[in-house]
Amino acid sequence: MRKKERQAAIMRIISENEIETQNELKALLEREGITVAQATLSRDMRELSIKKSVTDGDVNCYFSGMSAGEIEYSSIFAQSVVSMDYAQNMVVLKCHAGLANAACKVVDEQEFGAVVGTIAGDDTVFIVTRSENHAVQLISQLARLNNKD
């Protein structure tokens, strides 16, 4: 299996499940027919900016600071977004006039699992996430796209 396909599978698995250990992730990959060495899995996780965070259910599990297509979208996003902030489970992006729709489209197409919905005006994007922890994670992911990490 190619690296890109393996990493896509890793991203999908951690976005759909609360994975607490690399062994658990490795087992789920193997269940899908993807055999991977521990060192390769660790390297993939590092390249995908996978980190641990506590969920609302107090589970310490993996999430990624990247997703598919991140590089091609980073330029559009970085040129559109002026600032980002959050309050509880809501994230607000302030954009240059007329560019909020472009920034919102990038967020929508990135398919961040924690995003419930988005809405864009002329210079503002409003994003609702599942929880405050998800809002914090989303800000981190968006900062990477905005080259402000």
# chains A, B, ... in the order shown; residues from 1 in each chain; ligands from 1
call {"tool": "residues_around", "arguments": {"residues": "Met90 of chain A", "least_positions_apart": "4", "cutoff": "8 Å", "atoms": "only C-alpha atoms", "output": "list of chain:residue names"}}
result
A:Tyr86, A:Phe126, A:Ile127, A:Val128, A:Thr129, A:Glu132, A:Ala135
call {"tool": "write_last_selection", "arguments": {"atoms": "N, CA and C atoms", "output": "CSV table (one decimal), in the first residue's frame"}}
result
chain,number,residue,atom,x,y,z
A,86,TYR,N,-12.4,31.9,19.1
A,86,TYR,CA,-13.5,31.0,19.4
A,86,TYR,C,-14.1,31.4,20.7
A,126,PHE,N,-18.7,32.0,10.3
A,126,PHE,CA,-19.1,31.5,11.6
A,126,PHE,C,-19.1,30.0,11.5
A,127,ILE,N,-18.4,29.3,12.4
A,127,ILE,CA,-18.3,27.8,12.4
A,127,ILE,C,-18.8,27.3,13.8
A,128,VAL,N,-19.7,26.3,13.8
A,128,VAL,CA,-20.2,25.7,15.0
A,128,VAL,C,-19.5,24.3,15.0
A,129,THR,N,-18.9,24.0,16.2
A,129,THR,CA,-18.2,22.7,16.4
A,129,THR,C,-19.0,21.9,17.4
A,132,GLU,N,-16.3,22.6,22.9
A,132,GLU,CA,-15.2,23.6,23.0
A,132,GLU,C,-13.9,23.0,22.7
A,135,ALA,N,-13.5,23.1,19.1
A,135,ALA,CA,-13.2,24.5,18.7
A,135,ALA,C,-11.7,24.8,18.8
call {"tool": "atom_distance", "arguments": {"atom1": "atom CA of Ala103 of chain A", "atom2": "atom CA of Phe77 of chain A"}}
result
5.3 Å
call {"tool": "residues_around", "arguments": {"residues": "Thr21 of chain A", "least_positions_apart": "6", "cutoff": "12 Å", "atoms": "only C-alpha atoms", "output": "list in words"}}
result
Ile14, Ala27, Leu28, Gln38, Leu41, Ser42, Met45, Ile50, Lys51, Lys52, Val59, Asn60, Cys61, Tyr62 and Phe63 of chain A
call {"tool": "residues_around", "arguments": {"residues": "segment 31-33 of chain A", "least_positions_apart": "2", "cutoff": "12 Å", "atoms": "only C-alpha atoms", "output": "MDAnalysis selection string"}}
result
chainID A and resid 1 6 9:10 12:13 24:29 35:36
call {"tool": "closest_residue", "arguments": {"among": "A:Ile19, A:Ala120, A:Asp44, A:Ile76", "to": "Arg2 of chain A", "atoms": "only C-alpha atoms"}}
result
A:Asp44
call {"tool": "residues_around", "arguments": {"residues": "Asn89 of chain A", "least_positions_apart": "4", "cutoff": "12 Å", "atoms": "only C-alpha atoms", "output": "NGL selection string"}}
result
:A and (56 or 85 or 114-117 or 126-139)
call {"tool": "write_last_selection", "arguments": {"atoms": "C-alpha atoms", "output": "PDB file, in the first residue's frame"}}
result
ATOM      1  CA  ASP A  56     -15.832  15.809  26.213  1.00  0.00           C
ATOM      2  CA  ASP A  85     -11.047  33.301  17.570  1.00  0.00           C
ATOM      3  CA  ALA A 114     -15.715  18.306  14.564  1.00  0.00           C
ATOM      4  CA  VAL A 115     -17.511  20.899  12.397  1.00  0.00           C
ATOM      5  CA  VAL A 116     -21.303  20.846  12.681  1.00  0.00           C
ATOM      6  CA  GLY A 117     -21.859  23.661  10.191  1.00  0.00           C
ATOM      7  CA  PHE A 126     -19.114  31.486  11.619  1.00  0.00           C
ATOM      8  CA  ILE A 127     -18.337  27.835  12.434  1.00  0.00           C
ATOM      9  CA  VAL A 128     -20.168  25.670  14.973  1.00  0.00           C
ATOM     10  CA  THR A 129     -18.223  22.720  16.391  1.00  0.00           C
ATOM     11  CA  ARG A 130     -19.375  19.807  18.523  1.00  0.00           C
ATOM     12  CA  SER A 131     -17.649  21.053  21.692  1.00  0.00           C
ATOM     13  CA  GLU A 132     -15.240  23.638  23.042  1.00  0.00           C
ATOM     14  CA  ASN A 133     -12.395  21.091  22.788  1.00  0.00           C
ATOM     15  CA  HIS A 134     -13.238  20.680  19.114  1.00  0.00           C
ATOM     16  CA  ALA A 135     -13.194  24.466  18.662  1.00  0.00           C
ATOM     17  CA  VAL A 136      -9.682  24.597  20.148  1.00  0.00           C
ATOM     18  CA  GLN A 137      -8.559  21.755  17.860  1.00  0.00           C
ATOM     19  CA  LEU A 138     -10.129  23.451  14.847  1.00  0.00           C
ATOM     20  CA  ILE A 139      -8.327  26.736  15.595  1.00  0.00           C
TER      21      ILE A 139
END
call {"tool": "select_by_dssp", "arguments": {"residues": "segment 99-143 of chain A", "states": "helix (DSSP H, G or I)", "output": "list of chain:residue names"}}
result
A:Ala100, A:Asn101, A:Ala102, A:Ala103, A:Cys104, A:Lys105, A:Val106, A:Val107, A:Asp108, A:Glu109, A:Gln110, A:Glu132, A:Asn133, A:His134, A:Ala135, A:Val136, A:Gln137, A:Leu138, A:Ile139, A:Ser140, A:Gln141, A:Leu142, A:Ala143
call {"tool": "closest_residue", "arguments": {"among": "A:Thr124, A:Gln7, A:Ala102, A:Val91", "to": "Gln79 of chain A", "atoms": "only C-alpha atoms"}}
result
A:Ala102
call {"tool": "closest_residue", "arguments": {"among": "A:Val107, A:Ala143, A:Leu48, A:Val54", "to": "Ser83 of chain A", "atoms": "only C-alpha atoms"}}
result
A:Ala143
